[in-house]
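Structure file structure.tsv (TSV, C-alpha atoms) is printed below.
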chain	number	residue	atom	x	y	z
A	29	MET	CA	7.17	35.63	-19.78
A	30	THR	CA	5.72	39.04	-19.04
A	31	GLN	CA	4.27	39.49	-15.57
A	32	PRO	CA	0.47	39.54	-15.69
A	33	SER	CA	-1.43	42.75	-15.13
A	34	VAL	CA	-3.88	42.30	-12.25
A	35	LEU	CA	-7.01	44.39	-12.70
A	36	VAL	CA	-9.28	44.97	-9.70
A	37	LEU	CA	-12.97	45.33	-10.52
A	38	PRO	CA	-15.17	46.54	-7.65
A	39	GLY	CA	-18.92	46.15	-7.73
A	40	LEU	CA	-21.81	48.44	-6.97
A	41	GLY	CA	-20.71	51.30	-4.71
A	42	ASN	CA	-16.98	50.64	-5.30
A	43	SER	CA	-14.79	48.92	-2.72
A	44	GLY	CA	-14.08	51.26	0.16
A	45	PRO	CA	-11.12	51.39	2.55
A	46	GLU	CA	-12.46	48.50	4.65
A	47	HIS	CA	-12.88	46.13	1.69
A	48	TRP	CA	-10.66	43.14	0.89
A	49	GLN	CA	-9.95	44.46	-2.63
A	50	THR	CA	-8.50	47.66	-1.16
A	51	TRP	CA	-6.55	45.58	1.38
A	52	LEU	CA	-5.12	43.48	-1.46
A	53	GLU	CA	-4.16	46.58	-3.43
A	54	ASP	CA	-2.23	47.83	-0.40
A	55	ARG	CA	-0.46	44.48	0.04
A	56	LEU	CA	0.29	43.71	-3.61
A	57	GLN	CA	1.40	46.91	-5.28
A	58	ALA	CA	1.06	45.52	-8.82
A	59	LEU	CA	-2.75	45.59	-8.71
A	60	ALA	CA	-4.62	48.30	-10.61
A	61	ARG	CA	-8.23	49.27	-9.92
A	62	VAL	CA	-10.31	49.87	-13.04
A	63	ASP	CA	-12.53	52.95	-12.98
A	64	LEU	CA	-15.78	51.61	-14.37
A	65	GLY	CA	-17.65	54.91	-14.12
A	66	ASP	CA	-20.52	55.72	-11.83
A	67	TRP	CA	-20.26	53.23	-8.96
A	68	ASP	CA	-23.74	53.97	-7.62
A	69	ALA	CA	-25.70	54.02	-10.89
A	70	PRO	CA	-23.81	51.58	-13.10
A	71	GLU	CA	-24.49	51.49	-16.81
A	72	PRO	CA	-23.82	47.98	-18.15
A	73	ASP	CA	-22.64	49.08	-21.60
A	74	LEU	CA	-20.30	51.71	-20.14
A	75	TRP	CA	-18.87	49.24	-17.62
A	76	VAL	CA	-18.30	46.70	-20.42
A	77	ALA	CA	-16.56	49.34	-22.57
A	78	ARG	CA	-14.31	50.48	-19.71
A	79	LEU	CA	-13.34	46.92	-18.82
A	80	ASP	CA	-12.61	46.22	-22.48
A	81	ARG	CA	-10.36	49.28	-22.75
A	82	ALA	CA	-8.52	48.39	-19.53
A	83	VAL	CA	-7.82	44.84	-20.70
A	84	ARG	CA	-6.67	45.99	-24.13
A	85	GLU	CA	-4.36	48.65	-22.64
A	86	ALA	CA	-2.86	46.40	-19.95
A	87	PRO	CA	0.62	45.08	-20.69
A	88	GLY	CA	0.99	41.33	-20.93
A	89	PRO	CA	-1.60	38.79	-19.89
A	90	VAL	CA	-4.38	39.93	-17.55
A	91	VAL	CA	-5.82	38.52	-14.33
A	92	LEU	CA	-9.19	39.90	-13.26
A	93	VAL	CA	-10.13	40.24	-9.58
A	94	ALA	CA	-13.86	40.98	-9.48
A	95	HIS	CA	-16.26	41.46	-6.61
A	96	SER	CA	-20.05	41.32	-6.62
A	97	LEU	CA	-21.60	43.06	-9.63
A	98	ALA	CA	-18.23	43.08	-11.38
A	99	CYS	CA	-18.45	39.25	-11.56
A	100	ILE	CA	-21.54	39.60	-13.74
A	101	LEU	CA	-19.73	42.32	-15.68
A	102	VAL	CA	-16.84	39.95	-16.44
A	103	ALA	CA	-19.20	37.25	-17.72
A	104	ARG	CA	-21.10	39.80	-19.83
A	105	TRP	CA	-17.89	41.35	-21.20
A	106	ALA	CA	-16.34	37.98	-22.07
A	107	THR	CA	-19.18	37.22	-24.49
A	108	ALA	CA	-18.99	40.64	-26.17
A	109	THR	CA	-15.30	41.08	-26.94
A	110	ASP	CA	-12.41	39.63	-28.85
A	111	ALA	CA	-10.03	40.78	-26.10
A	112	ALA	CA	-11.03	37.97	-23.71
A	113	GLY	CA	-8.12	35.92	-25.08
A	114	LYS	CA	-5.79	38.28	-23.25
A	115	VAL	CA	-7.21	37.18	-19.89
A	116	ALA	CA	-5.18	34.44	-18.24
A	117	ALA	CA	-7.53	33.92	-15.27
A	118	ALA	CA	-10.24	35.51	-13.15
A	119	LEU	CA	-11.12	35.50	-9.47
A	120	LEU	CA	-14.86	36.17	-9.17
A	121	VAL	CA	-15.99	36.77	-5.59
A	122	ALA	CA	-19.58	36.98	-4.34
A	123	PRO	CA	-21.52	37.28	-7.59
A	124	PRO	CA	-25.00	38.69	-6.98
A	125	ASP	CA	-28.12	37.14	-8.42
A	126	VAL	CA	-29.09	40.08	-10.62
A	127	GLU	CA	-32.20	38.17	-11.71
A	128	SER	CA	-33.60	38.27	-8.18
A	129	PRO	CA	-35.40	41.58	-7.51
A	130	GLU	CA	-36.08	40.42	-3.95
A	131	THR	CA	-32.40	40.36	-3.05
A	132	VAL	CA	-30.46	42.85	-5.19
A	133	PRO	CA	-30.84	46.60	-5.67
A	134	ALA	CA	-32.49	47.88	-8.84
A	135	GLU	CA	-29.13	49.26	-10.01
A	136	ALA	CA	-27.70	45.73	-10.12
A	137	GLN	CA	-30.75	44.35	-11.91
A	138	ARG	CA	-29.70	46.36	-14.98
A	139	PHE	CA	-27.07	43.63	-15.54
A	140	ALA	CA	-29.70	40.88	-15.93
A	141	PRO	CA	-29.88	38.34	-17.32
A	142	VAL	CA	-26.91	36.48	-15.93
A	143	PRO	CA	-24.70	35.42	-18.85
A	144	THR	CA	-24.73	31.66	-19.35
A	145	ASP	CA	-21.87	31.16	-21.80
A	146	PRO	CA	-18.69	29.50	-20.55
A	147	LEU	CA	-15.85	31.93	-19.91
A	148	PRO	CA	-13.00	31.62	-22.41
A	149	PHE	CA	-10.40	31.66	-19.61
A	150	PRO	CA	-9.89	29.82	-16.31
A	151	ALA	CA	-11.86	31.25	-13.41
A	152	VAL	CA	-12.67	30.65	-9.77
A	153	VAL	CA	-16.02	31.70	-8.31
A	154	VAL	CA	-16.18	32.20	-4.55
A	155	GLY	CA	-19.59	32.16	-2.91
A	156	SER	CA	-20.91	32.33	0.63
A	157	ARG	CA	-23.68	30.41	2.38
A	158	THR	CA	-24.88	33.64	4.00
A	159	ASP	CA	-24.58	36.10	1.12
A	160	PRO	CA	-27.75	38.24	1.19
A	161	TYR	CA	-27.45	38.88	-2.57
A	162	CYS	CA	-27.02	35.31	-3.80
A	163	THR	CA	-27.41	31.82	-2.39
A	164	ALA	CA	-24.36	29.57	-2.41
A	165	ALA	CA	-26.26	27.15	-4.65
A	166	ARG	CA	-26.93	29.90	-7.19
A	167	ALA	CA	-23.29	31.07	-7.11
A	168	CYS	CA	-22.22	27.46	-7.64
A	169	GLY	CA	-24.62	27.34	-10.58
A	170	PHE	CA	-22.97	30.43	-12.07
A	171	ALA	CA	-19.60	28.71	-11.75
A	172	ALA	CA	-20.93	25.65	-13.56
A	173	LEU	CA	-22.39	27.77	-16.39
A	174	TRP	CA	-19.17	29.72	-16.73
A	175	GLY	CA	-16.93	26.62	-16.63
A	176	ALA	CA	-15.28	27.91	-13.46
A	177	ASP	CA	-14.20	26.22	-10.26
A	178	PHE	CA	-16.36	26.95	-7.22
A	179	ILE	CA	-15.15	27.61	-3.70
A	180	ASP	CA	-17.58	27.68	-0.79
A	181	ALA	CA	-16.37	30.40	1.59
A	182	GLY	CA	-18.70	29.19	4.34
A	183	GLU	CA	-20.76	31.69	6.29
A	184	ALA	CA	-18.96	34.78	5.03
A	185	GLY	CA	-21.80	37.17	4.20
A	186	HIS	CA	-21.21	39.16	1.03
A	187	ILE	CA	-17.43	38.89	1.48
A	188	ASN	CA	-17.00	42.64	1.82
A	189	GLY	CA	-16.09	45.19	4.47
A	190	ALA	CA	-19.53	44.98	6.08
A	191	SER	CA	-19.08	41.23	6.59
A	192	GLY	CA	-15.62	41.69	8.10
A	193	HIS	CA	-13.57	41.04	4.98
A	194	GLY	CA	-11.09	43.88	4.91
A	195	PRO	CA	-8.09	41.66	5.45
A	196	TRP	CA	-9.06	38.47	3.64
A	197	PRO	CA	-6.13	36.03	3.55
A	198	MET	CA	-8.18	33.47	1.64
A	199	GLY	CA	-8.61	35.94	-1.21
A	200	GLU	CA	-4.91	36.70	-1.25
A	201	THR	CA	-4.12	32.98	-1.36
A	202	LEU	CA	-6.60	32.38	-4.18
A	203	LEU	CA	-5.11	35.21	-6.22
A	204	LYS	CA	-1.54	34.02	-5.64
A	205	ASP	CA	-2.57	30.49	-6.64
A	206	LEU	CA	-4.05	31.82	-9.90
A	207	LEU	CA	-0.90	33.84	-10.59
A	208	ALA	CA	1.30	30.80	-9.92
A	209	GLN	CA	-0.64	28.80	-12.53
A	210	ILE	CA	0.01	31.31	-15.29

Can you dump the structure from the file as structure tokens?
Amino acid sequence: MTQPSVLVLPGLGNSGPEHWQTWLEDRLQALARVDLGDWDAPEPDLWVARLDRAVREAPGPVVLVAHSLACILVARWATATDAAGKVAAALLVAPPDVESPETVPAEAQRFAPVPTDPLPFPAVVVGSRTDPYCTAARACGFAALWGADFIDAGEAGHINGASGHGPWPMGETLLKDLLAQI
């Protein structure tokens, strides 16, 4: 079987040098970051189109590794494309509650409403009890809507560089587990 293509999807602001996605890219050379466009003023339709092109152009099956706003992107894209069948699995970390103007920036609110259709591929949603952009209960609810497994990361903040998740062994383990199941 062809090795899966692993596509890294950062959220709002991109994932900088202190972010776990960047750390994973350095550790696992086969990962490829998708350029979704303007990281600070995301356009939902453009992000969907760029993700769609990246999946279609990737060789073999695809595994998506999304953080924050890109989790909502994946759910939105999966309902709008016939290319979702190419995705073997997705790791969705720290989805924001884009329907909550009290907790997320206006740029992220452009992705509301949160898609409610089940994903057509296996997925794992990782949420944190102390994520300022989404409660763990809400992230667990997203997982249920999307037909995904849910993992409670404990008190891990937004699971990004600011919360101390540059090196994030749990994320690496989760990704390797998904790859092993393909």

- Query: Leaving out region 110-118 of chain A and any residue of its chain fewer than 4 positions from it, which residues lie within 6 Å of it when counting all atoms listed in the file, given as a ChimeraX atom specification?
  - Reply: /A:89-93,106,149-151

- Message: I need the residue nearest Gly44 (chain A) from this list: A:Gln31, A:Gln209, A:Thr201, A:Asn188. Use only C-alpha atoms for the distance.
- Response: A:Asn188

- Message: Using Å and a single decimal, report how far CA of Pro129 (chain A) sits from CA of Val36 (chain A).
- Response: 26.4 Å

- Item | Atom pair CA of Gly194 (chain A) / CA of Gly39 (chain A): separation (Å) |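 Those two atoms sit 15.0 Å apart.
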
- Query: In Å, with one decimal, what is the gap from CA of Gly182 (chain A) to CA of Tyr161 (chain A)?
  - Reply: 14.8 Å

- Note on the structure: Of A:Leu79, A:Leu173, A:Leu74, A:Ala98, the one sitting nearest Leu119 (chain A) when using all atoms listed in the file is A:Ala98

- Within 6 Å of (-14.5, 44.4, 0.5) (coordinates as in the file), grab all the protein and nucleic acid residues, counting all atoms listed in the file, and write them out as a PyMOL selection string. chain A and resi 43+47-49+188-189+193-194

Keeping only C-alpha atoms, write the selected residues to a file as a compact mmCIF listing (two decimals), in the frame of the given file.
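Below you can see result16.txt, which holds the result:
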# COMPACT_ATOMS: atom_id res chain seq x y z
CA SER A 43 -14.79 48.92 -2.72
CA HIS A 47 -12.88 46.13 1.69
CA TRP A 48 -10.66 43.14 0.89
CA GLN A 49 -9.95 44.46 -2.63
CA ASN A 188 -17.00 42.64 1.82
CA GLY A 189 -16.09 45.19 4.47
CA HIS A 193 -13.57 41.04 4.98
CA GLY A 194 -11.09 43.88 4.91

Can you pull out the residues contacting Leu101 (chain A)? Cut-off 7 Å, using only C-alpha atoms, and skip same-chain residues under 4 positions away; I want them as a PDB file with C-alpha atoms, keeping the file's coordinate frame.
ATOM      1  CA  VAL A  76     -18.300  46.700 -20.420  1.00  0.00           C
ATOM      2  CA  LEU A  97     -21.600  43.060  -9.630  1.00  0.00           C
ATOM      3  CA  TRP A 105     -17.890  41.350 -21.200  1.00  0.00           C
TER       4      TRP A 105
END

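Each of A:Pro146, A:Pro45, A:Gly65, A:Pro160 was checked against Ser128 (chain A) using only C-alpha atoms; the smallest atom-to-atom distance is that of A:Pro160.
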
Step by step: locate region 51-187 of chain A in the block above, keep C-alpha atoms, then write the file as a compact mmCIF listing (two decimals), in the first residue's frame.
# COMPACT_ATOMS: atom_id res chain seq x y z
CA TRP A 51 7.91 20.32 16.12
CA LEU A 52 6.20 17.33 14.48
CA GLU A 53 7.22 18.50 11.00
CA ASP A 54 10.83 18.63 12.18
CA ARG A 55 10.61 15.13 13.69
CA LEU A 56 8.65 13.41 10.94
CA GLN A 57 9.99 14.59 7.61
CA ALA A 58 7.07 13.19 5.60
CA LEU A 59 4.65 15.86 6.86
CA ALA A 60 3.66 18.70 4.53
CA ARG A 61 2.14 21.99 5.72
CA VAL A 62 -0.73 23.25 3.57
CA ASP A 63 -0.65 26.95 2.74
CA LEU A 64 -4.24 27.97 3.32
CA GLY A 65 -3.73 31.62 2.42
CA ASP A 66 -3.91 34.59 4.74
CA TRP A 67 -3.31 33.17 8.23
CA ASP A 68 -4.48 36.32 10.01
CA ALA A 69 -7.62 37.09 7.99
CA PRO A 70 -8.84 33.67 6.88
CA GLU A 71 -11.44 33.38 4.17
CA PRO A 72 -13.48 30.20 4.69
CA ASP A 73 -14.14 29.53 1.00
CA LEU A 74 -10.48 30.06 0.09
CA TRP A 75 -9.30 27.81 2.91
CA VAL A 76 -11.76 25.10 1.80
CA ALA A 77 -10.56 25.38 -1.82
CA ARG A 78 -6.88 25.18 -0.82
CA LEU A 79 -7.47 22.16 1.40
CA ASP A 80 -9.42 20.50 -1.39
CA ARG A 81 -6.60 21.07 -3.87
CA ALA A 82 -3.98 19.78 -1.42
CA VAL A 83 -5.92 16.57 -0.76
CA ARG A 84 -6.56 15.97 -4.45
CA GLU A 85 -2.89 16.54 -5.35
CA ALA A 86 -1.46 14.43 -2.52
CA PRO A 87 -0.23 10.98 -3.52
CA GLY A 88 -1.95 8.04 -1.91
CA PRO A 89 -4.30 8.21 1.04
CA VAL A 90 -4.24 11.34 3.20
CA VAL A 91 -4.04 11.92 6.94
CA LEU A 92 -4.98 15.40 8.14
CA VAL A 93 -3.33 16.96 11.21
CA ALA A 94 -5.37 20.05 12.08
CA HIS A 95 -5.08 22.56 14.88
CA SER A 96 -7.65 25.05 16.14
CA LEU A 97 -9.55 26.79 13.33
CA ALA A 98 -8.32 24.17 10.86
CA CYS A 99 -10.43 21.58 12.75
CA ILE A 100 -13.54 23.53 11.80
CA LEU A 101 -12.13 23.86 8.28
CA VAL A 102 -11.81 20.07 7.98
CA ALA A 103 -15.42 19.54 9.08
CA ARG A 104 -16.64 22.25 6.69
CA TRP A 105 -14.55 20.89 3.79
CA ALA A 106 -15.67 17.30 4.34
CA THR A 107 -19.29 18.25 3.68
CA ALA A 108 -18.46 20.23 0.52
CA THR A 109 -16.25 17.88 -1.47
CA ASP A 110 -16.15 14.52 -3.17
CA ALA A 111 -12.44 14.22 -2.30
CA ALA A 112 -13.11 13.36 1.36
CA GLY A 113 -12.98 9.67 0.40
CA LYS A 114 -9.24 10.08 -0.07
CA VAL A 115 -8.79 10.91 3.63
CA ALA A 116 -7.84 7.88 5.70
CA ALA A 117 -7.95 9.67 9.09
CA ALA A 118 -7.75 13.04 10.82
CA LEU A 119 -6.23 14.31 14.04
CA LEU A 120 -8.20 17.39 15.11
CA VAL A 121 -6.60 19.25 18.02
CA ALA A 122 -8.17 22.08 20.04
CA PRO A 123 -11.15 23.02 17.89
CA PRO A 124 -12.41 26.51 18.75
CA ASP A 125 -16.05 27.28 19.37
CA VAL A 126 -16.51 29.61 16.41
CA GLU A 127 -20.11 30.18 17.49
CA SER A 128 -18.97 31.86 20.71
CA PRO A 129 -18.16 35.55 20.11
CA GLU A 130 -17.14 35.86 23.76
CA THR A 131 -14.22 33.47 23.35
CA VAL A 132 -12.96 33.50 19.76
CA PRO A 133 -11.65 36.33 17.57
CA ALA A 134 -13.92 37.77 14.91
CA GLU A 135 -11.70 36.23 12.21
CA ALA A 136 -12.55 32.75 13.48
CA GLN A 137 -16.26 33.52 13.71
CA ARG A 138 -16.33 33.66 9.90
CA PHE A 139 -16.26 29.83 10.02
CA ALA A 140 -19.56 29.61 11.95
CA PRO A 141 -21.71 27.69 12.19
CA VAL A 142 -19.86 24.59 13.33
CA PRO A 143 -20.59 21.80 10.84
CA THR A 144 -22.73 19.07 12.38
CA ASP A 145 -22.49 16.31 9.78
CA PRO A 146 -20.49 13.20 10.63
CA LEU A 147 -17.07 13.09 9.01
CA PRO A 148 -16.76 10.46 6.27
CA PHE A 149 -13.43 9.23 7.68
CA PRO A 150 -12.10 8.19 11.10
CA ALA A 151 -11.05 11.08 13.30
CA VAL A 152 -9.79 11.89 16.77
CA VAL A 153 -10.66 15.19 18.45
CA VAL A 154 -8.37 16.35 21.26
CA GLY A 155 -9.70 18.95 23.65
CA SER A 156 -8.46 20.62 26.81
CA ARG A 157 -10.22 21.49 30.06
CA THR A 158 -8.52 24.89 30.08
CA ASP A 159 -8.76 25.89 26.42
CA PRO A 160 -9.77 29.57 26.37
CA TYR A 161 -11.41 29.13 22.95
CA CYS A 162 -13.57 26.09 23.65
CA THR A 163 -14.72 24.15 26.69
CA ALA A 164 -13.83 20.47 26.88
CA ALA A 165 -17.54 19.64 26.93
CA ARG A 166 -18.10 21.57 23.69
CA ALA A 167 -15.07 19.93 22.02
CA CYS A 168 -16.43 16.55 23.11
CA GLY A 169 -19.76 17.56 21.57
CA PHE A 170 -18.01 18.34 18.28
CA ALA A 171 -16.44 14.88 18.36
CA ALA A 172 -19.84 13.30 18.90
CA LEU A 173 -21.40 15.27 16.01
CA TRP A 174 -18.51 14.38 13.72
CA GLY A 175 -18.49 10.68 14.69
CA ALA A 176 -14.96 11.05 16.05
CA ASP A 177 -13.25 9.71 19.13
CA PHE A 178 -12.58 12.26 21.86
CA ILE A 179 -9.44 12.56 23.96
CA ASP A 180 -9.34 14.80 27.01
CA ALA A 181 -5.86 16.34 27.14
CA GLY A 182 -6.42 17.59 30.69
CA GLU A 183 -5.44 21.12 31.62
CA ALA A 184 -3.47 21.83 28.46
CA GLY A 185 -4.65 25.31 27.46
CA HIS A 186 -5.10 25.73 23.72
CA ILE A 187 -2.48 23.04 23.03
